[in-house]
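Student: Structure below; questions to follow.
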Amino acid sequence: MGLGHEENSLVLMAHQVDESDSVCVEVVLLVGGARLSGRLISEVRYREAMAATVRRGNASAAGAAFDLLTREAQERRAQRQYLRETRPHESLEPPQFVYLVESPDWSRAWCVPLGSVDAWSMTGLTLDLPDA
């Protein structure tokens, strides 16, 4: 199944990561003169991390709103999975954002519009395989 932008490998990596939390892609992104280094994560994981951060801070009352954003991300993931299974020859809409957890301490997360990435390189790729 195509994404509509097969020439952009960062779009492909973002799509793979967003579809499965078992795909780990480590990258360096250059964005408007800034250098971000870390691991791409799915929108679902990003939303979960933001909800957890809100709950630990002064805005814990907003946690329910962040949970809603997480559920919406999970629903989008399920819808893409359904479309992949039922319409394998149709192109999926490419992701608009890439989500990154910054190394070395993995404490900062970024939501970066794909259109603002000036350059990027992949520094690692890992797949978590289920136990047999």
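Labels for the structure tokens follow display order: chains A, B, ..., residues from 1 in each chain, ligands from 1.
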Extract the full set of strand (DSSP E) residues from segment 4-123 of chain A according to DSSP on the backbone, and format it as JSON, numbers by chain.

Tutor: {"A": [23, 24, 25, 26, 27, 28, 29, 30, 31, 34, 35, 36, 37, 38, 39, 40, 41, 97, 98, 99, 100, 101, 102, 109, 110, 111, 112, 113, 117, 118, 119, 120, 121, 122, 123]}

Student: Write to file, as a compact mmCIF listing (two decimals), in the first residue's frame, the residues of the selection just made, with N, CA and C atoms.

Tutor:
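Dumped everything to out22.txt:
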# COMPACT_ATOMS: atom_id res chain seq x y z
N VAL A 23 8.30 -0.80 16.29
CA VAL A 23 9.32 -0.27 15.39
C VAL A 23 10.01 0.90 16.09
N CYS A 24 11.33 0.83 16.22
CA CYS A 24 12.11 1.89 16.86
C CYS A 24 13.10 2.44 15.85
N VAL A 25 12.93 3.71 15.50
CA VAL A 25 13.82 4.37 14.55
C VAL A 25 14.51 5.52 15.28
N GLU A 26 15.84 5.46 15.34
CA GLU A 26 16.60 6.55 15.94
C GLU A 26 17.08 7.46 14.83
N VAL A 27 16.90 8.78 15.06
CA VAL A 27 17.17 9.75 14.00
C VAL A 27 17.85 11.00 14.55
N VAL A 28 18.39 11.77 13.63
CA VAL A 28 18.82 13.13 13.88
C VAL A 28 18.02 14.00 12.90
N LEU A 29 17.30 14.99 13.42
CA LEU A 29 16.52 15.90 12.60
C LEU A 29 17.13 17.30 12.68
N LEU A 30 17.20 17.97 11.54
CA LEU A 30 17.57 19.37 11.50
C LEU A 30 16.30 20.14 11.19
N VAL A 31 15.91 21.00 12.13
CA VAL A 31 14.65 21.72 12.02
C VAL A 31 14.92 23.20 12.31
N ALA A 34 17.87 24.01 14.40
CA ALA A 34 18.01 23.20 15.61
C ALA A 34 18.31 21.75 15.22
N ARG A 35 19.07 21.08 16.06
CA ARG A 35 19.40 19.67 15.85
C ARG A 35 18.73 18.87 16.94
N LEU A 36 17.81 17.99 16.55
CA LEU A 36 17.12 17.13 17.50
C LEU A 36 17.57 15.70 17.26
N SER A 37 17.97 15.04 18.31
CA SER A 37 18.45 13.66 18.20
C SER A 37 17.64 12.80 19.14
N GLY A 38 17.13 11.69 18.62
CA GLY A 38 16.34 10.82 19.49
C GLY A 38 15.66 9.72 18.75
N ARG A 39 14.55 9.27 19.31
CA ARG A 39 13.80 8.12 18.80
C ARG A 39 12.43 8.58 18.33
N LEU A 40 12.05 8.17 17.12
CA LEU A 40 10.70 8.44 16.64
C LEU A 40 9.73 7.58 17.44
N ILE A 41 8.60 8.16 17.81
CA ILE A 41 7.56 7.41 18.52
C ILE A 41 6.24 7.64 17.80
N PHE A 97 2.97 14.91 10.87
CA PHE A 97 3.92 15.21 11.94
C PHE A 97 4.81 14.00 12.19
N VAL A 98 5.95 14.28 12.77
CA VAL A 98 6.82 13.23 13.29
C VAL A 98 6.95 13.51 14.79
N TYR A 99 6.89 12.45 15.58
CA TYR A 99 6.96 12.58 17.03
C TYR A 99 8.29 12.01 17.48
N LEU A 100 9.00 12.75 18.31
CA LEU A 100 10.37 12.40 18.68
C LEU A 100 10.54 12.51 20.18
N VAL A 101 11.19 11.51 20.78
CA VAL A 101 11.63 11.60 22.17
C VAL A 101 13.13 11.80 22.10
N GLU A 102 13.58 12.89 22.70
CA GLU A 102 14.98 13.29 22.58
C GLU A 102 15.90 12.46 23.46
N ALA A 109 9.84 15.41 24.68
CA ALA A 109 9.16 14.90 23.48
C ALA A 109 8.82 16.08 22.58
N TRP A 110 8.88 15.83 21.29
CA TRP A 110 8.62 16.87 20.29
C TRP A 110 7.59 16.38 19.29
N CYS A 111 6.73 17.29 18.86
CA CYS A 111 5.81 17.07 17.75
C CYS A 111 6.26 18.03 16.66
N VAL A 112 6.87 17.50 15.60
CA VAL A 112 7.49 18.32 14.57
C VAL A 112 6.72 18.15 13.25
N PRO A 113 6.23 19.24 12.67
CA PRO A 113 5.59 19.13 11.35
C PRO A 113 6.61 18.60 10.33
N VAL A 117 11.03 19.89 8.60
CA VAL A 117 12.29 19.16 8.72
C VAL A 117 13.16 19.49 7.51
N ASP A 118 14.31 20.13 7.77
CA ASP A 118 15.21 20.53 6.69
C ASP A 118 16.06 19.37 6.20
N ALA A 119 16.51 18.53 7.12
CA ALA A 119 17.33 17.36 6.79
C ALA A 119 17.18 16.36 7.92
N TRP A 120 17.50 15.10 7.60
CA TRP A 120 17.41 14.08 8.64
C TRP A 120 18.33 12.93 8.27
N SER A 121 18.70 12.15 9.28
CA SER A 121 19.43 10.91 9.05
C SER A 121 18.98 9.88 10.08
N MET A 122 18.97 8.64 9.65
CA MET A 122 18.61 7.54 10.54
C MET A 122 19.90 6.99 11.14
N THR A 123 19.93 6.89 12.46
CA THR A 123 21.12 6.39 13.14
C THR A 123 20.93 4.99 13.69

Student: Excluding segment 69-86 of chain A and residues on its chain fewer than 5 positions from it, collect all residues at most 12 Å away from it, counting only C-alpha atoms, and give them as a tab-separated table (two decimals) with C-alpha atoms, in the first residue's frame.

Tutor:
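Output file out_6.tsv follows:
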chain	number	residue	atom	x	y	z
A	1	MET	CA	0.00	0.00	0.00
A	2	GLY	CA	1.38	3.36	-0.95
A	3	LEU	CA	1.49	6.54	1.07
A	15	HIS	CA	4.27	6.02	9.01
A	16	GLN	CA	5.90	2.74	10.10
A	17	VAL	CA	6.53	4.02	13.62
A	18	ASP	CA	3.00	5.38	13.88
A	19	GLU	CA	1.51	2.04	12.85
A	20	SER	CA	3.43	-0.09	15.34
A	21	ASP	CA	5.07	0.66	18.67
A	42	SER	CA	3.97	6.91	17.45
A	43	GLU	CA	1.33	9.58	17.89
A	44	VAL	CA	-0.34	7.26	20.41
A	45	ARG	CA	2.81	7.04	22.55
A	46	TYR	CA	3.36	10.79	22.24
A	47	ARG	CA	-0.21	11.50	23.42
A	48	GLU	CA	0.19	9.02	26.32
A	49	ALA	CA	3.42	10.73	27.38
A	50	MET	CA	1.77	14.16	27.26
A	51	ALA	CA	-1.17	12.91	29.35
A	52	ALA	CA	1.21	11.44	31.94
A	62	ALA	CA	-6.67	18.64	32.21
A	63	GLY	CA	-5.72	14.95	32.19
A	64	ALA	CA	-9.15	13.91	30.89
A	91	SER	CA	-2.90	5.07	-0.73
A	92	LEU	CA	-3.07	6.16	2.89
A	93	GLU	CA	-2.85	9.81	3.78
A	94	PRO	CA	0.76	10.53	4.74
A	95	PRO	CA	1.49	11.62	8.31

Student: Using Å and a single decimal, report how far atom CA of Leu10 of chain A sits from atom CA of Asp67 of chain A.

Tutor: 27.7 Å

Student: Select from segment 15-112 of chain A everything DSSP, run on the backbone, classes as alpha helix (DSSP H), then give the selection as an mmCIF file with N, CA and C atoms, in the first residue's frame.

Tutor:
data_model
loop_
_atom_site.group_PDB
_atom_site.id
_atom_site.type_symbol
_atom_site.label_atom_id
_atom_site.label_comp_id
_atom_site.auth_asym_id
_atom_site.auth_seq_id
_atom_site.Cartn_x
_atom_site.Cartn_y
_atom_site.Cartn_z
ATOM 1 N N HIS A 15 5.457 6.860 9.180
ATOM 2 C CA HIS A 15 4.269 6.016 9.014
ATOM 3 C C HIS A 15 4.479 4.655 9.686
ATOM 4 N N GLN A 16 5.626 4.044 9.493
ATOM 5 C CA GLN A 16 5.899 2.736 10.097
ATOM 6 C C GLN A 16 5.878 2.812 11.619
ATOM 7 N N VAL A 17 6.497 3.847 12.159
ATOM 8 C CA VAL A 17 6.529 4.015 13.616
ATOM 9 C C VAL A 17 5.122 4.264 14.151
ATOM 10 N N ASP A 18 4.342 5.055 13.419
ATOM 11 C CA ASP A 18 3.002 5.376 13.883
ATOM 12 C C ASP A 18 2.080 4.167 13.850
ATOM 13 N N GLU A 19 2.352 3.223 12.965
ATOM 14 C CA GLU A 19 1.508 2.039 12.850
ATOM 15 C C GLU A 19 1.834 0.979 13.894
ATOM 16 N N GLU A 43 2.199 8.538 17.353
ATOM 17 C CA GLU A 43 1.327 9.580 17.893
ATOM 18 C C GLU A 43 0.671 9.094 19.180
ATOM 19 N N VAL A 44 0.291 7.815 19.210
ATOM 20 C CA VAL A 44 -0.344 7.264 20.411
ATOM 21 C C VAL A 44 0.600 7.364 21.602
ATOM 22 N N ARG A 45 1.848 6.949 21.428
ATOM 23 C CA ARG A 45 2.812 7.041 22.548
ATOM 24 C C ARG A 45 3.062 8.486 22.947
ATOM 25 N N TYR A 46 3.154 9.366 21.958
ATOM 26 C CA TYR A 46 3.357 10.787 22.240
ATOM 27 C C TYR A 46 2.206 11.321 23.092
ATOM 28 N N ARG A 47 0.966 11.023 22.684
ATOM 29 C CA ARG A 47 -0.210 11.505 23.423
ATOM 30 C C ARG A 47 -0.239 10.918 24.836
ATOM 31 N N GLU A 48 0.128 9.634 24.986
ATOM 32 C CA GLU A 48 0.185 9.016 26.316
ATOM 33 C C GLU A 48 1.214 9.717 27.192
ATOM 34 N N ALA A 49 2.366 10.038 26.625
ATOM 35 C CA ALA A 49 3.420 10.733 27.380
ATOM 36 C C ALA A 49 2.964 12.124 27.807
ATOM 37 N N MET A 50 2.268 12.824 26.915
ATOM 38 C CA MET A 50 1.771 14.157 27.263
ATOM 39 C C MET A 50 0.727 14.070 28.377
ATOM 40 N N ALA A 51 -0.152 13.086 28.312
ATOM 41 C CA ALA A 51 -1.170 12.911 29.352
ATOM 42 C C ALA A 51 -0.511 12.621 30.701
ATOM 43 N N ALA A 52 0.501 11.766 30.692
ATOM 44 C CA ALA A 52 1.210 11.443 31.938
ATOM 45 C C ALA A 52 1.917 12.673 32.493
ATOM 46 N N THR A 53 2.497 13.482 31.626
ATOM 47 C CA THR A 53 3.179 14.703 32.063
ATOM 48 C C THR A 53 2.192 15.677 32.691
ATOM 49 N N VAL A 54 1.046 15.839 32.075
ATOM 50 C CA VAL A 54 0.017 16.749 32.596
ATOM 51 C C VAL A 54 -0.450 16.274 33.974
ATOM 52 N N ARG A 55 -0.645 14.989 34.125
ATOM 53 C CA ARG A 55 -1.126 14.448 35.404
ATOM 54 C C ARG A 55 -0.121 14.676 36.536
ATOM 55 N N ARG A 56 1.174 14.682 36.193
ATOM 56 C CA ARG A 56 2.199 14.896 37.228
ATOM 57 C C ARG A 56 2.365 16.373 37.582
ATOM 58 N N GLY A 63 -6.071 16.314 32.587
ATOM 59 C CA GLY A 63 -5.725 14.950 32.194
ATOM 60 C C GLY A 63 -6.790 14.283 31.344
ATOM 61 N N ALA A 64 -8.060 14.524 31.662
ATOM 62 C CA ALA A 64 -9.154 13.910 30.894
ATOM 63 C C ALA A 64 -9.131 14.378 29.438
ATOM 64 N N ALA A 65 -8.815 15.643 29.208
ATOM 65 C CA ALA A 65 -8.732 16.151 27.831
ATOM 66 C C ALA A 65 -7.590 15.475 27.082
ATOM 67 N N PHE A 66 -6.483 15.247 27.749
ATOM 68 C CA PHE A 66 -5.353 14.574 27.108
ATOM 69 C C PHE A 66 -5.664 13.099 26.866
ATOM 70 N N ASP A 67 -6.454 12.492 27.754
ATOM 71 C CA ASP A 67 -6.888 11.112 27.517
ATOM 72 C C ASP A 67 -7.748 11.030 26.267
ATOM 73 N N LEU A 68 -8.586 12.032 26.055
ATOM 74 C CA LEU A 68 -9.414 12.074 24.850
ATOM 75 C C LEU A 68 -8.536 12.159 23.591
ATOM 76 N N LEU A 69 -7.500 12.981 23.631
ATOM 77 C CA LEU A 69 -6.573 13.078 22.500
ATOM 78 C C LEU A 69 -5.888 11.738 22.240
ATOM 79 N N THR A 70 -5.552 11.027 23.308
ATOM 80 C CA THR A 70 -4.932 9.710 23.162
ATOM 81 C C THR A 70 -5.910 8.731 22.516
ATOM 82 N N ARG A 71 -7.157 8.723 22.977
ATOM 83 C CA ARG A 71 -8.160 7.828 22.379
ATOM 84 C C ARG A 71 -8.378 8.141 20.901
ATOM 85 N N GLU A 72 -8.392 9.423 20.560
ATOM 86 C CA GLU A 72 -8.551 9.803 19.154
ATOM 87 C C GLU A 72 -7.370 9.294 18.309
ATOM 88 N N ALA A 73 -6.170 9.377 18.844
ATOM 89 C CA ALA A 73 -4.993 8.858 18.138
ATOM 90 C C ALA A 73 -5.098 7.339 17.978
ATOM 91 N N GLN A 74 -5.574 6.645 19.007
ATOM 92 C CA GLN A 74 -5.756 5.197 18.919
ATOM 93 C C GLN A 74 -6.805 4.845 17.869
ATOM 94 N N GLU A 75 -7.868 5.635 17.803
ATOM 95 C CA GLU A 75 -8.910 5.393 16.801
ATOM 96 C C GLU A 75 -8.387 5.624 15.391
ATOM 97 N N ARG A 76 -7.564 6.655 15.193
ATOM 98 C CA ARG A 76 -6.973 6.897 13.866
ATOM 99 C C ARG A 76 -6.071 5.741 13.470
ATOM 100 N N ARG A 77 -5.302 5.229 14.431
ATOM 101 C CA ARG A 77 -4.430 4.085 14.149
ATOM 102 C C ARG A 77 -5.263 2.866 13.746
ATOM 103 N N ALA A 78 -6.340 2.614 14.473
ATOM 104 C CA ALA A 78 -7.208 1.474 14.157
ATOM 105 C C ALA A 78 -7.865 1.648 12.791
ATOM 106 N N GLN A 79 -8.266 2.871 12.462
ATOM 107 C CA GLN A 79 -8.875 3.131 11.157
ATOM 108 C C GLN A 79 -7.873 2.889 10.026
ATOM 109 N N ARG A 80 -6.621 3.325 10.206
ATOM 110 C CA ARG A 80 -5.589 3.071 9.183
ATOM 111 C C ARG A 80 -5.343 1.578 9.033
ATOM 112 N N GLN A 81 -5.323 0.850 10.147
ATOM 113 C CA GLN A 81 -5.142 -0.596 10.100
ATOM 114 C C GLN A 81 -6.284 -1.247 9.321
ATOM 115 N N TYR A 82 -7.502 -0.810 9.595
ATOM 116 C CA TYR A 82 -8.668 -1.339 8.897
ATOM 117 C C TYR A 82 -8.570 -1.062 7.394
ATOM 118 N N LEU A 83 -8.205 0.154 7.028
ATOM 119 C CA LEU A 83 -8.069 0.499 5.611
ATOM 120 C C LEU A 83 -6.967 -0.317 4.937
ATOM 121 N N ARG A 84 -5.859 -0.525 5.649
ATOM 122 C CA ARG A 84 -4.765 -1.343 5.094
ATOM 123 C C ARG A 84 -5.234 -2.760 4.817
ATOM 124 N N GLU A 85 -6.054 -3.297 5.711
ATOM 125 C CA GLU A 85 -6.519 -4.674 5.559
ATOM 126 C C GLU A 85 -7.626 -4.812 4.521
ATOM 127 N N THR A 86 -8.508 -3.820 4.425
ATOM 128 C CA THR A 86 -9.665 -3.943 3.534
ATOM 129 C C THR A 86 -9.447 -3.310 2.168
#

Student: Mind pulling up the distance from atom CA of Leu125 of chain A to atom CA of Ser22 of chain A?

Tutor: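 So the two atoms, atom CA of Ser22 of chain A and atom CA of Leu125 of chain A, lie 10.7 Å apart.
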
Student: Quick one: pull the distance between atom CA of Asp105 of chain A and atom CA of Asn8 of chain A, Å, one decimal.

Tutor: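 Between atom CA of Asp105 of chain A and atom CA of Asn8 of chain A the gap is 28.7 Å.
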